file run_33.cif (mmCIF, C-alpha atoms)
data_query
loop_
_atom_site.label_atom_id
_atom_site.label_comp_id
_atom_site.auth_asym_id
_atom_site.auth_seq_id
_atom_site.Cartn_x
_atom_site.Cartn_y
_atom_site.Cartn_z
CA MET C 1 62.45 106.23 127.93
CA GLN C 2 58.86 106.19 126.76
CA VAL C 3 55.97 105.38 129.07
CA GLY C 4 54.83 101.81 128.61
CA PHE C 5 57.91 99.68 129.22
CA TYR C 6 59.95 99.05 132.29
CA ARG C 7 63.11 97.31 131.16
CA ASP C 8 66.56 98.55 130.28
CA THR C 9 66.68 97.13 126.75
CA TRP C 10 65.28 98.91 123.71
CA VAL C 11 65.68 99.64 120.00
CA GLU C 12 66.21 103.17 118.71
CA VAL C 13 64.99 103.93 115.19
CA LYS C 14 66.19 107.10 113.48
CA LEU C 15 63.30 108.15 111.27
CA ASP C 16 65.28 110.97 109.68
CA ALA C 17 67.74 108.36 108.40
CA ILE C 18 64.87 106.49 106.76
CA GLU C 19 63.56 109.78 105.38
CA ARG C 20 66.93 110.61 103.82
CA ASN C 21 67.32 107.10 102.37
CA VAL C 22 63.92 107.40 100.69
CA ALA C 23 64.59 110.93 99.46
CA ASN C 24 67.96 109.93 98.02
CA MET C 25 66.43 106.96 96.22
CA LYS C 26 63.69 109.19 94.81
CA LYS C 27 66.36 111.56 93.50
CA HIS C 28 68.31 108.61 92.08
CA ILE C 29 65.38 107.08 90.16
CA GLY C 30 63.81 110.34 89.00
CA ASP C 31 60.41 111.99 89.27
CA ASN C 32 58.76 109.72 86.70
CA VAL C 33 59.32 106.53 88.71
CA ASP C 34 57.12 105.72 91.71
CA LEU C 35 58.54 104.40 94.95
CA ILE C 36 56.88 101.53 96.80
CA ALA C 37 58.05 101.36 100.42
CA VAL C 38 58.31 97.76 101.61
CA VAL C 39 57.25 97.64 105.27
CA LYS C 40 56.60 93.90 105.68
CA ALA C 41 57.81 92.07 108.80
CA ASN C 42 57.03 95.10 110.98
CA GLY C 43 59.12 97.31 108.73
CA TYR C 44 62.03 94.85 108.77
CA GLY C 45 61.86 95.03 112.55
CA HIS C 46 61.93 98.84 112.63
CA GLY C 47 58.19 99.51 113.15
CA ALA C 48 55.79 99.24 110.21
CA LYS C 49 53.49 102.16 110.97
CA GLN C 50 56.24 104.64 111.80
CA VAL C 51 58.35 103.63 108.80
CA ALA C 52 55.30 103.79 106.53
CA GLU C 53 54.43 107.31 107.64
CA THR C 54 58.01 108.46 107.26
CA ALA C 55 58.42 106.90 103.81
CA LEU C 56 55.16 108.42 102.58
CA SER C 57 56.17 111.87 103.79
CA ALA C 58 59.52 111.46 101.99
CA GLY C 59 57.97 110.61 98.64
CA ALA C 60 56.76 107.01 98.59
CA SER C 61 53.44 106.55 96.78
CA MET C 62 52.55 103.02 97.84
CA LEU C 63 53.36 100.53 100.59
CA ALA C 64 54.02 96.82 100.27
CA VAL C 65 53.50 94.08 102.86
CA ALA C 66 53.81 90.30 102.79
CA PHE C 67 50.41 89.23 104.14
CA ILE C 68 46.93 90.66 104.46
CA ASP C 69 47.31 90.65 108.26
CA GLU C 70 50.04 93.27 107.88
CA GLY C 71 47.90 95.34 105.53
CA ILE C 72 44.93 95.20 107.88
CA SER C 73 47.14 96.28 110.78
CA LEU C 74 48.31 99.36 108.86
CA ARG C 75 44.73 100.26 107.90
CA GLU C 76 43.58 99.92 111.51
CA GLN C 77 46.40 102.28 112.54
CA GLY C 78 45.14 104.92 110.14
CA ILE C 79 47.31 104.43 107.05
CA GLN C 80 45.29 105.41 103.95
CA ALA C 81 47.88 105.05 101.16
CA PRO C 82 47.66 102.18 98.63
CA ILE C 83 48.94 98.89 100.06
CA LEU C 84 50.12 95.99 97.91
CA VAL C 85 50.14 92.48 99.40
CA LEU C 86 53.13 90.67 97.90
CA GLY C 87 52.45 87.18 99.21
CA ALA C 88 49.85 84.56 98.36
CA ILE C 89 46.50 84.88 100.09
CA ARG C 90 43.73 82.34 100.46
CA ALA C 91 41.13 82.78 97.74
CA SER C 92 38.44 82.70 100.43
CA ASP C 93 39.92 85.82 102.06
CA ILE C 94 39.38 88.02 99.00
CA GLY C 95 36.50 89.80 100.75
CA LEU C 96 38.86 91.11 103.43
CA CYS C 97 40.95 92.71 100.72
CA GLU C 98 37.88 94.55 99.48
CA THR C 99 36.98 95.68 103.00
CA TYR C 100 40.46 97.00 103.75
CA ARG C 101 41.19 98.28 100.21
CA LEU C 102 44.25 96.08 99.70
CA ILE C 103 45.85 95.45 96.32
CA ILE C 104 46.31 91.72 95.87
CA THR C 105 48.95 89.68 94.05
CA CYS C 106 47.52 87.33 91.44
CA PHE C 107 50.05 84.55 90.93
CA SER C 108 48.11 81.91 88.96
CA ALA C 109 45.03 81.48 86.80
CA ASP C 110 43.69 78.74 89.08
CA TRP C 111 43.89 81.02 92.11
CA LEU C 112 42.11 83.80 90.22
CA LYS C 113 39.22 81.53 89.20
CA GLU C 114 38.84 80.21 92.73
CA ALA C 115 38.93 83.73 94.18
CA SER C 116 36.15 84.83 91.85
CA ASN C 117 33.79 82.52 93.77
CA TYR C 118 34.23 84.74 96.84
CA CYS C 119 33.90 88.18 95.24
CA ARG C 120 31.09 90.42 96.43
CA SER C 121 31.76 93.58 94.41
CA LEU C 122 33.60 95.05 91.42
CA SER C 123 36.50 96.57 93.30
CA ILE C 124 39.19 93.91 93.79
CA ASN C 125 42.46 95.34 92.54
CA LEU C 126 45.25 93.04 91.32
CA HIS C 127 48.92 93.15 90.49
CA VAL C 128 49.96 90.11 88.47
CA LYS C 129 53.18 88.42 89.61
CA VAL C 130 55.28 86.69 86.95
CA ASP C 131 58.06 84.25 87.81
CA THR C 132 61.04 84.98 85.61
CA GLY C 133 63.45 82.80 87.53
CA MET C 134 63.02 83.37 91.27
CA GLY C 135 61.04 80.13 91.55
CA ARG C 136 58.78 81.42 94.30
CA LEU C 137 55.39 82.83 93.24
CA GLY C 138 54.19 83.81 89.81
CA VAL C 139 53.02 82.98 86.33
CA ARG C 140 55.73 81.26 84.32
CA ASP C 141 54.45 81.18 80.71
CA GLU C 142 52.72 83.36 78.15
CA LYS C 143 49.67 81.12 77.85
CA GLU C 144 48.72 81.40 81.52
CA LEU C 145 49.48 85.12 81.57
CA LYS C 146 47.11 85.72 78.63
CA GLU C 147 44.52 83.52 80.33
CA ILE C 148 44.60 85.73 83.42
CA PHE C 149 44.19 88.95 81.46
CA ASN C 150 41.38 87.47 79.35
CA TYR C 151 39.61 86.20 82.46
CA VAL C 152 39.78 89.60 84.16
CA ASP C 153 38.47 91.27 80.98
CA SER C 154 35.37 89.09 81.19
CA SER C 155 35.02 89.27 84.98
CA ALA C 156 32.90 91.68 86.98
CA CYS C 157 35.06 91.20 90.09
CA PHE C 158 38.60 92.23 89.24
CA GLN C 159 40.75 94.85 87.64
CA ILE C 160 44.48 94.64 86.94
CA SER C 161 46.49 97.75 87.72
CA GLY C 162 50.02 96.36 87.89
CA ILE C 163 52.41 93.61 86.91
CA TYR C 164 55.75 92.69 88.47
CA THR C 165 58.55 90.22 88.97
CA HIS C 166 61.41 89.73 91.43
CA PHE C 167 65.10 89.21 90.71
CA ALA C 168 67.12 86.52 92.44
CA THR C 169 70.65 87.87 91.89
CA ALA C 170 70.43 91.64 91.37
CA ASP C 171 72.73 92.18 94.35
CA GLU C 172 75.55 90.03 92.91
CA ASN C 173 78.42 91.16 90.72
CA GLU C 174 77.80 88.39 88.20
CA GLN C 175 74.99 89.74 86.00
CA THR C 176 74.22 86.83 83.67
CA TYR C 177 71.25 85.44 85.57
CA PHE C 178 69.88 88.88 86.35
CA LEU C 179 69.96 89.85 82.68
CA SER C 180 68.27 86.59 81.69
CA GLN C 181 65.45 87.31 84.15
CA TYR C 182 65.11 90.85 82.86
CA LYS C 183 64.90 89.60 79.27
CA ARG C 184 62.26 87.07 80.28
CA PHE C 185 60.23 89.83 81.93
CA GLU C 186 60.37 91.85 78.71
CA GLU C 187 59.20 88.83 76.74
CA LEU C 188 56.23 88.22 79.03
CA LEU C 189 55.24 91.89 78.95
CA SER C 190 55.17 91.80 75.15
CA HIS C 191 52.23 89.40 75.28
CA ILE C 192 49.85 91.59 77.32
CA PRO C 193 48.59 95.21 77.21
CA HIS C 194 50.77 96.82 79.89
CA LYS C 195 51.13 100.46 78.87
CA HIS C 196 48.61 101.64 81.45
CA LEU C 197 49.82 99.32 84.23
CA LEU C 198 52.23 99.99 87.06
CA VAL C 199 55.18 97.83 85.97
CA HIS C 200 57.77 97.07 88.64
CA CYS C 201 60.69 94.69 88.75
CA ALA C 202 63.28 96.62 90.76
CA ASN C 203 64.11 95.84 94.35
CA SER C 204 66.69 97.94 96.24
CA ALA C 205 69.63 96.26 94.50
CA THR C 206 68.19 96.71 91.00
CA ALA C 207 67.37 100.36 91.60
CA LEU C 208 70.85 101.06 92.94
CA LYS C 209 72.76 99.17 90.24
CA PHE C 210 70.52 99.27 87.17
CA PRO C 211 68.49 102.52 87.15
CA SER C 212 67.77 102.03 83.43
CA LYS C 213 65.97 98.73 84.12
CA ILE C 214 63.32 99.72 86.63
CA TYR C 215 60.19 100.44 84.55
CA SER C 216 57.61 102.57 86.38
CA ALA C 217 58.16 101.79 90.06
CA VAL C 218 60.81 100.63 92.52
CA ARG C 219 60.13 98.45 95.55
CA LEU C 220 62.46 99.91 98.18
CA GLY C 221 63.08 97.43 100.98
CA ILE C 222 66.41 96.82 102.71
CA SER C 223 68.07 100.04 101.59
CA MET C 224 65.25 102.18 102.97
CA TYR C 225 66.56 101.07 106.35
CA GLY C 226 70.11 102.10 105.48
CA LEU C 227 71.52 98.68 104.63
CA SER C 228 73.29 97.55 101.49
CA PRO C 229 71.53 94.67 99.68
CA SER C 230 74.83 92.76 99.74
CA LEU C 231 78.43 93.15 100.79
CA GLU C 232 79.42 92.93 97.12
CA MET C 233 77.54 96.18 96.46
CA LYS C 234 78.49 98.05 99.61
CA ASP C 235 81.50 99.92 98.23
CA THR C 236 79.85 100.91 94.93
CA LEU C 237 76.57 102.45 96.08
CA PRO C 238 75.51 105.59 94.18
CA PHE C 239 74.69 107.40 97.42
CA LYS C 240 75.32 106.93 101.12
CA LEU C 241 72.89 104.80 103.09
CA GLU C 242 72.25 105.62 106.75
CA GLU C 243 71.50 102.80 109.18
CA ALA C 244 68.35 103.59 111.12
CA PHE C 245 68.39 100.81 113.73
CA SER C 246 70.37 100.54 116.94
CA LEU C 247 70.00 98.10 119.84
CA GLN C 248 70.66 99.42 123.34
CA THR C 249 70.70 98.08 126.87
CA LYS C 250 72.21 98.93 130.27
CA LEU C 251 74.29 97.30 132.93
CA VAL C 252 71.91 96.05 135.62
CA HIS C 253 74.48 94.34 137.85
CA VAL C 254 78.25 94.65 138.24
CA LYS C 255 80.46 92.35 140.30
CA LYS C 256 84.12 91.49 140.72
CA VAL C 257 84.85 87.78 140.39
CA SER C 258 88.03 85.99 141.32
CA LYS C 259 90.30 84.02 139.00
CA GLY C 260 88.75 80.66 138.16
CA SER C 261 85.13 81.80 138.63
CA LYS C 262 82.64 80.26 136.20
CA ILE C 263 80.04 82.27 134.30
CA SER C 264 76.63 81.18 132.92
CA TYR C 265 75.09 77.86 131.85
CA GLY C 266 77.43 74.96 131.36
CA ALA C 267 80.19 76.86 133.20
CA THR C 268 81.87 77.29 129.80
CA TYR C 269 83.63 80.56 130.71
CA GLU C 270 86.28 80.70 133.40
CA ALA C 271 87.84 83.95 134.56
CA LYS C 272 91.55 83.97 133.75
CA GLN C 273 92.20 86.54 136.48
CA ASP C 274 90.20 88.70 138.85
CA GLU C 275 87.65 90.35 136.53
CA TRP C 276 84.75 92.78 136.53
CA ILE C 277 81.62 91.13 135.08
CA GLY C 278 78.47 93.00 134.08
CA THR C 279 75.00 91.60 133.51
CA LEU C 280 72.84 92.80 130.60
CA PRO C 281 69.03 92.35 130.53
CA ILE C 282 68.84 90.88 127.02
CA GLY C 283 68.92 87.29 125.83
CA TYR C 284 67.84 84.86 123.16
CA ALA C 285 64.13 85.45 123.82
CA ASP C 286 64.80 89.01 122.63
CA GLY C 287 66.54 87.74 119.49
CA TRP C 288 70.08 88.13 120.86
CA ILE C 289 70.68 84.46 120.21
CA ARG C 290 73.17 82.04 121.75
CA LYS C 291 75.33 82.01 118.62
CA LEU C 292 76.35 85.59 119.53
CA LYS C 293 78.33 84.43 122.56
CA ASP C 294 81.84 85.91 122.60
CA SER C 295 80.67 88.76 120.34
CA GLU C 296 81.54 92.34 121.18
CA VAL C 297 79.39 95.19 122.49
CA LEU C 298 80.22 98.84 123.20
CA ILE C 299 80.54 100.13 126.76
CA ASP C 300 82.09 103.45 127.75
CA GLY C 301 83.10 103.91 124.11
CA LYS C 302 85.11 100.67 124.07
CA ARG C 303 84.64 97.24 122.52
CA VAL C 304 84.22 94.54 125.15
CA SER C 305 83.36 90.86 124.86
CA LEU C 306 80.37 88.90 126.04
CA VAL C 307 81.35 85.90 128.15
CA GLY C 308 79.60 82.63 128.82
CA ARG C 309 76.44 81.36 127.22
CA ILE C 310 73.65 83.79 126.43
CA CYS C 311 70.59 83.06 128.58
CA MET C 312 66.93 83.52 127.67
CA ASP C 313 66.69 86.98 129.24
CA GLN C 314 70.24 87.95 130.22
CA CYS C 315 73.88 87.74 129.19
CA MET C 316 77.18 88.67 130.76
CA VAL C 317 80.03 90.90 129.63
CA ARG C 318 83.66 91.21 130.75
CA LEU C 319 84.26 94.84 131.73
CA PRO C 320 87.62 96.62 131.36
CA TYR C 321 87.18 98.09 134.85
CA GLU C 322 84.43 98.76 137.36
CA LEU C 323 81.52 100.64 135.82
CA PRO C 324 78.32 101.79 137.53
CA VAL C 325 75.00 100.04 137.19
CA GLY C 326 72.97 101.93 134.59
CA THR C 327 75.87 102.44 132.17
CA ASN C 328 74.64 102.38 128.57
CA VAL C 329 75.60 99.42 126.39
CA THR C 330 75.30 99.38 122.59
CA LEU C 331 74.86 96.00 120.91
CA ILE C 332 74.16 97.42 117.44
CA GLY C 333 74.96 101.02 116.55
CA VAL C 334 77.37 103.81 117.38
CA GLN C 335 78.91 104.74 120.72
CA GLY C 336 81.64 107.33 120.75
CA SER C 337 84.03 106.66 117.89
CA GLN C 338 83.10 102.97 117.68
CA MET C 339 80.36 101.29 115.64
CA ILE C 340 78.95 97.79 115.58
CA SER C 341 77.11 97.62 112.28
CA MET C 342 74.29 95.34 111.20
CA ASP C 343 76.73 93.77 108.75
CA GLU C 344 79.16 92.95 111.57
CA VAL C 345 76.46 91.17 113.55
CA ALA C 346 75.29 89.37 110.40
CA HIS C 347 78.86 88.21 109.76
CA ARG C 348 79.10 86.74 113.26
CA LEU C 349 75.81 84.92 112.65
CA GLU C 350 76.87 83.77 109.16
CA THR C 351 73.75 85.34 107.69
CA ILE C 352 72.66 88.52 105.86
CA ASN C 353 71.88 91.93 107.33
CA TYR C 354 68.17 91.53 106.43
CA GLU C 355 67.78 88.91 109.15
CA VAL C 356 69.31 90.83 112.05
CA PRO C 357 66.68 93.55 112.75
CA CYS C 358 63.90 91.09 111.96
CA MET C 359 65.10 88.68 114.63
CA ILE C 360 64.94 91.26 117.46
CA THR C 361 61.59 90.28 118.94
CA THR C 362 58.58 92.45 119.66
CA ARG C 363 59.18 92.29 123.40
CA VAL C 364 62.04 94.72 122.80
CA PRO C 365 60.39 98.19 122.68
CA ARG C 366 61.05 100.48 119.72
CA ILE C 367 61.69 104.18 120.36
CA PHE C 368 61.60 106.58 117.44
CA PHE C 369 63.83 109.60 116.97
CA LYS C 370 63.93 112.46 114.53
CA ASN C 371 66.56 115.22 114.64
CA ASN C 372 67.95 113.51 117.75
CA LYS C 373 64.66 113.98 119.60
CA LYS C 374 62.23 111.30 120.64
CA VAL C 375 59.00 111.59 118.68
CA ASP C 376 55.49 110.29 119.13
CA LEU C 377 53.85 109.50 115.79
CA SER C 378 50.83 107.73 117.25
CA ASN C 379 48.40 110.38 116.02
CA LEU C 380 50.03 111.10 112.64
CA VAL C 381 48.35 109.77 109.51
CA LEU C 382 49.89 110.34 106.08
CA THR C 383 48.28 109.52 102.75
CA ASN C 384 50.49 111.15 100.07
CA MET C 385 49.49 111.31 96.42
CA PRO C 386 48.19 107.86 95.50
CA ILE C 387 49.36 106.17 92.32
CA GLU C 388 46.88 104.22 90.25
CA SER C 389 45.62 101.37 92.40
#
call {"tool": "encode", "arguments": {"input": "run_33.cif", "output": "structure tokens"}}
result
Amino acid sequence: MQVGFYRDTWVEVKLDAIERNVANMKKHIGDNVDLIAVVKANGYGHGAKQVAETALSAGASMLAVAFIDEGISLREQGIQAPILVLGAIRASDIGLCETYRLIITCFSADWLKEASNYCRSLSINLHVKVDTGMGRLGVRDEKELKEIFNYVDSSACFQISGIYTHFATADENEQTYFLSQYKRFEELLSHIPHKHLLVHCANSATALKFPSKIYSAVRLGISMYGLSPSLEMKDTLPFKLEEAFSLQTKLVHVKKVSKGSKISYGATYEAKQDEWIGTLPIGYADGWIRKLKDSEVLIDGKRVSLVGRICMDQCMVRLPYELPVGTNVTLIGVQGSQMISMDEVAHRLETINYEVPCMITTRVPRIFFKNNKKVDLSNLVLTNMPIES
């Protein structure tokens, strides 16, 4: 393991899987469509800087984050490519966006006017967000959209280089609502001069399902990490996605307990016979939450069950036989011929695969691999060919 952590629990991230997912999406959408790599939430839990560098080397032209804090972090780690901030920022923080060369989302005329009070130069770059039915952020009507463009035309502070929206149901089989949002986006675009703007409406699902409805850029998020946007889509993807994330730990203690022995808080598990019990150094403080009790993990190429309640830092597993301390355990990923996928864990948690890597906390170290070898990208800075920003 890498220098810098001293515990037997870690995440492995396969950067070549991310690279292939990006390259395959680039091939799918064509050379005339730009790819924006979404690396918010620490790259969906995979590592923002490392994912950003990999995506840029594979053909992405821009990065997207949720907050300016994430953009600043990437800049301070040496990332020079254009970075779009998708979320709302405080108008008073507009100066930071100038300092760190961040592209900002303008989501209302009122916000724009307030932000103009804090401008110090002529270099604040905007993408306008329109709300076509997501109900989150964005301009909802033609009047306000025209007001924003007219205000920027008369302002010395801003320039608009892009416009976008986000679809609520692109990953579902039923297309009615998606098509209504797309039509609304077309209607709003017809009211403003957009021919020289970067126009983007496609998330991963849209790009995979509707390549004719993506305009000039795709925002590649969940599928960059090798995950299907929904289970409905999983069997109809136009190319194979490769999961990049696996969660690993080791047995740190092994003991034989007699029939009737109780395990963990609340004494909720009772051994039905003499059993071998192993202890794993991972718990709910790492994001392996209590709801995952009784779930399976992979040990010695076999599926085995956790037993008892998951503790803050540890959990217990029923072993098929005595195994040595130090034996590898896979909680998410492949071991031998068996695989525990992100979708399987999401199903146990009654959630979506997006949430699973994001919930594995930062106290779990990330190790990065390429071509089955551990890599150190700490000194690598990639800029790629910038699109208009």
call {"tool": "resolve_selection", "arguments": {"input": "run_33.cif", "expression": "the PyMOL selection byres ((chain C and resi 182) around 12)", "output": "ChimeraX atom specification"}}
result
/C:130-134,164-170,175-181,183-189,200-202,206,210,212-215
call {"tool": "residues_around", "arguments": {"input": "run_33.cif", "residues": "Leu126 in chain C", "least_positions_apart": "4", "cutoff": "10 Å", "atoms": "only C-alpha atoms", "output": "list in words"}}
result
Leu84, Val85, Leu102, Ile103, Ile104, Thr105, Cys106, Phe107, Leu112, Val152, Phe158, Gln159, Ile160, Ser161, Gly162, Ile163 and Ser389 of chain C
call {"tool": "resolve_selection", "arguments": {"input": "run_33.cif", "expression": "the PyMOL selection byres ((chain C and resi 251) around 8)", "output": "compact mmCIF listing (two decimals) with C-alpha atoms, in the coordinates of the input"}}
result
# COMPACT_ATOMS: atom_id res chain seq x y z
CA THR C 249 70.70 98.08 126.87
CA LYS C 250 72.21 98.93 130.27
CA VAL C 252 71.91 96.05 135.62
CA HIS C 253 74.48 94.34 137.85
CA VAL C 254 78.25 94.65 138.24
CA GLY C 278 78.47 93.00 134.08
CA THR C 279 75.00 91.60 133.51
CA LEU C 280 72.84 92.80 130.60
CA PRO C 281 69.03 92.35 130.53
CA PRO C 324 78.32 101.79 137.53
CA VAL C 325 75.00 100.04 137.19
CA GLY C 326 72.97 101.93 134.59
CA THR C 327 75.87 102.44 132.17
CA ASN C 328 74.64 102.38 128.57
CA VAL C 329 75.60 99.42 126.39
call {"tool": "atom_distance", "arguments": {"input": "run_33.cif", "atom1": "CA of Leu63 in chain C", "atom2": "CA of Lys49 in chain C"}}
result
10.5 Å
call {"tool": "resolve_selection", "arguments": {"input": "run_33.cif", "expression": "the PyMOL selection byres ((chain C and resi 368) around 12)", "output": "PyMOL selection string"}}
result
chain C and resi 1-2+10-18+46-51+54+244-246+365-367+369-378
call {"tool": "closest_residue", "arguments": {"input": "run_33.cif", "among": "C:Leu247, C:Val257, C:Ile83, C:Ala58", "to": "Glu70 in chain C", "atoms": "all atoms listed in the file"}}
result
C:Ile83
call {"tool": "atom_distance", "arguments": {"input": "run_33.cif", "atom1": "CA of Lys302 in chain C", "atom2": "CA of Gln338 in chain C"}}
result
7.1 Å
call {"tool": "closest_residue", "arguments": {"input": "run_33.cif", "among": "C:Ala37, C:Met342, C:Ala271, C:Ile124", "to": "Pro229 in chain C", "atoms": "only C-alpha atoms"}}
result
C:Met342
call {"tool": "atom_distance", "arguments": {"input": "run_33.cif", "atom1": "CA of Glu296 in chain C", "atom2": "CA of Ile222 in chain C"}}
result
24.3 Å
call {"tool": "residues_around", "arguments": {"input": "run_33.cif", "residues": "range 33-36 of chain C", "least_positions_apart": "6", "cutoff": "7 Å", "atoms": "all atoms listed in the file", "output": "ChimeraX atom specification"}}
result
/C:60-64,216-220
call {"tool": "residues_around", "arguments": {"input": "run_33.cif", "residues": "range 223-227 of chain C", "least_positions_apart": "6", "cutoff": "7 Å", "atoms": "only C-alpha atoms", "output": "list in words"}}
result
Ile18, Asn21, Val22, Ser204, Leu241, Glu242, Glu243 and Ala244 of chain C
call {"tool": "axis_aligned_box", "arguments": {"input": "run_33.cif", "around": "range 259-277 of chain C", "padding_each_side": "4 Å", "output": "AutoDock Vina command-line options"}}
result
--center_x 83.6 --center_y 83.9 --center_z 134.4 --size_x 25.1 --size_y 25.8 --size_z 17.2
call {"tool": "decode", "arguments": {"input": "run_33.cif", "residues": "range 82-142 of chain C", "atoms": "C-alpha atoms", "output": "tab-separated table (two decimals), in the first residue's frame"}}
result
chain	number	residue	atom	x	y	z
C	82	PRO	CA	-11.68	25.17	-17.99
C	83	ILE	CA	-13.85	24.46	-14.94
C	84	LEU	CA	-17.60	25.06	-14.85
C	85	VAL	CA	-19.31	25.51	-11.48
C	86	LEU	CA	-22.77	23.95	-11.80
C	87	GLY	CA	-24.24	25.07	-8.48
C	88	ALA	CA	-25.37	28.43	-7.16
C	89	ILE	CA	-22.68	30.64	-5.67
C	90	ARG	CA	-23.02	33.68	-3.45
C	91	ALA	CA	-22.96	36.86	-5.50
C	92	SER	CA	-20.36	38.25	-3.11
C	93	ASP	CA	-17.94	35.43	-4.04
C	94	ILE	CA	-17.76	36.42	-7.70
C	95	GLY	CA	-14.24	37.79	-7.19
C	96	LEU	CA	-12.96	34.33	-6.27
C	97	CYS	CA	-14.22	33.04	-9.58
C	98	GLU	CA	-12.16	35.67	-11.35
C	99	THR	CA	-9.08	34.82	-9.30
C	100	TYR	CA	-9.34	31.10	-9.98
C	101	ARG	CA	-10.65	31.41	-13.56
C	102	LEU	CA	-13.88	29.53	-12.89
C	103	ILE	CA	-16.87	29.57	-15.23
C	104	ILE	CA	-19.98	30.42	-13.24
C	105	THR	CA	-23.60	29.36	-13.61
C	106	CYS	CA	-26.00	32.27	-13.93
C	107	PHE	CA	-29.42	31.04	-12.82
C	108	SER	CA	-31.45	34.25	-12.41
C	109	ALA	CA	-31.50	37.89	-13.42
C	110	ASP	CA	-31.62	39.01	-9.79
C	111	TRP	CA	-28.48	37.04	-8.96
C	112	LEU	CA	-26.68	38.52	-11.98
C	113	LYS	CA	-27.51	42.10	-10.97
C	114	GLU	CA	-26.40	41.49	-7.41
C	115	ALA	CA	-23.17	39.86	-8.57
C	116	SER	CA	-22.36	42.86	-10.73
C	117	ASN	CA	-21.89	44.88	-7.52
C	118	TYR	CA	-18.88	42.71	-6.66
C	119	CYS	CA	-17.13	42.60	-10.04
C	120	ARG	CA	-13.62	44.00	-10.26
C	121	SER	CA	-12.75	43.25	-13.89
C	122	LEU	CA	-14.13	42.32	-17.31
C	123	SER	CA	-13.38	38.62	-17.18
C	124	ILE	CA	-16.25	36.84	-15.41
C	125	ASN	CA	-17.40	34.01	-17.65
C	126	LEU	CA	-20.96	32.67	-17.42
C	127	HIS	CA	-23.02	29.72	-18.53
C	128	VAL	CA	-26.73	30.43	-18.24
C	129	LYS	CA	-28.81	27.65	-16.66
C	130	VAL	CA	-32.41	27.30	-17.80
C	131	ASP	CA	-34.97	25.24	-15.90
C	132	THR	CA	-36.99	23.22	-18.38
C	133	GLY	CA	-38.62	21.01	-15.79
C	134	MET	CA	-36.03	19.82	-13.27
C	135	GLY	CA	-37.27	22.39	-10.76
C	136	ARG	CA	-33.86	22.99	-9.24
C	137	LEU	CA	-31.87	25.96	-10.57
C	138	GLY	CA	-32.44	28.02	-13.66
C	139	VAL	CA	-34.34	30.59	-15.64
C	140	ARG	CA	-37.89	29.46	-16.37
C	141	ASP	CA	-39.27	31.95	-18.92
C	142	GLU	CA	-38.29	33.81	-22.07
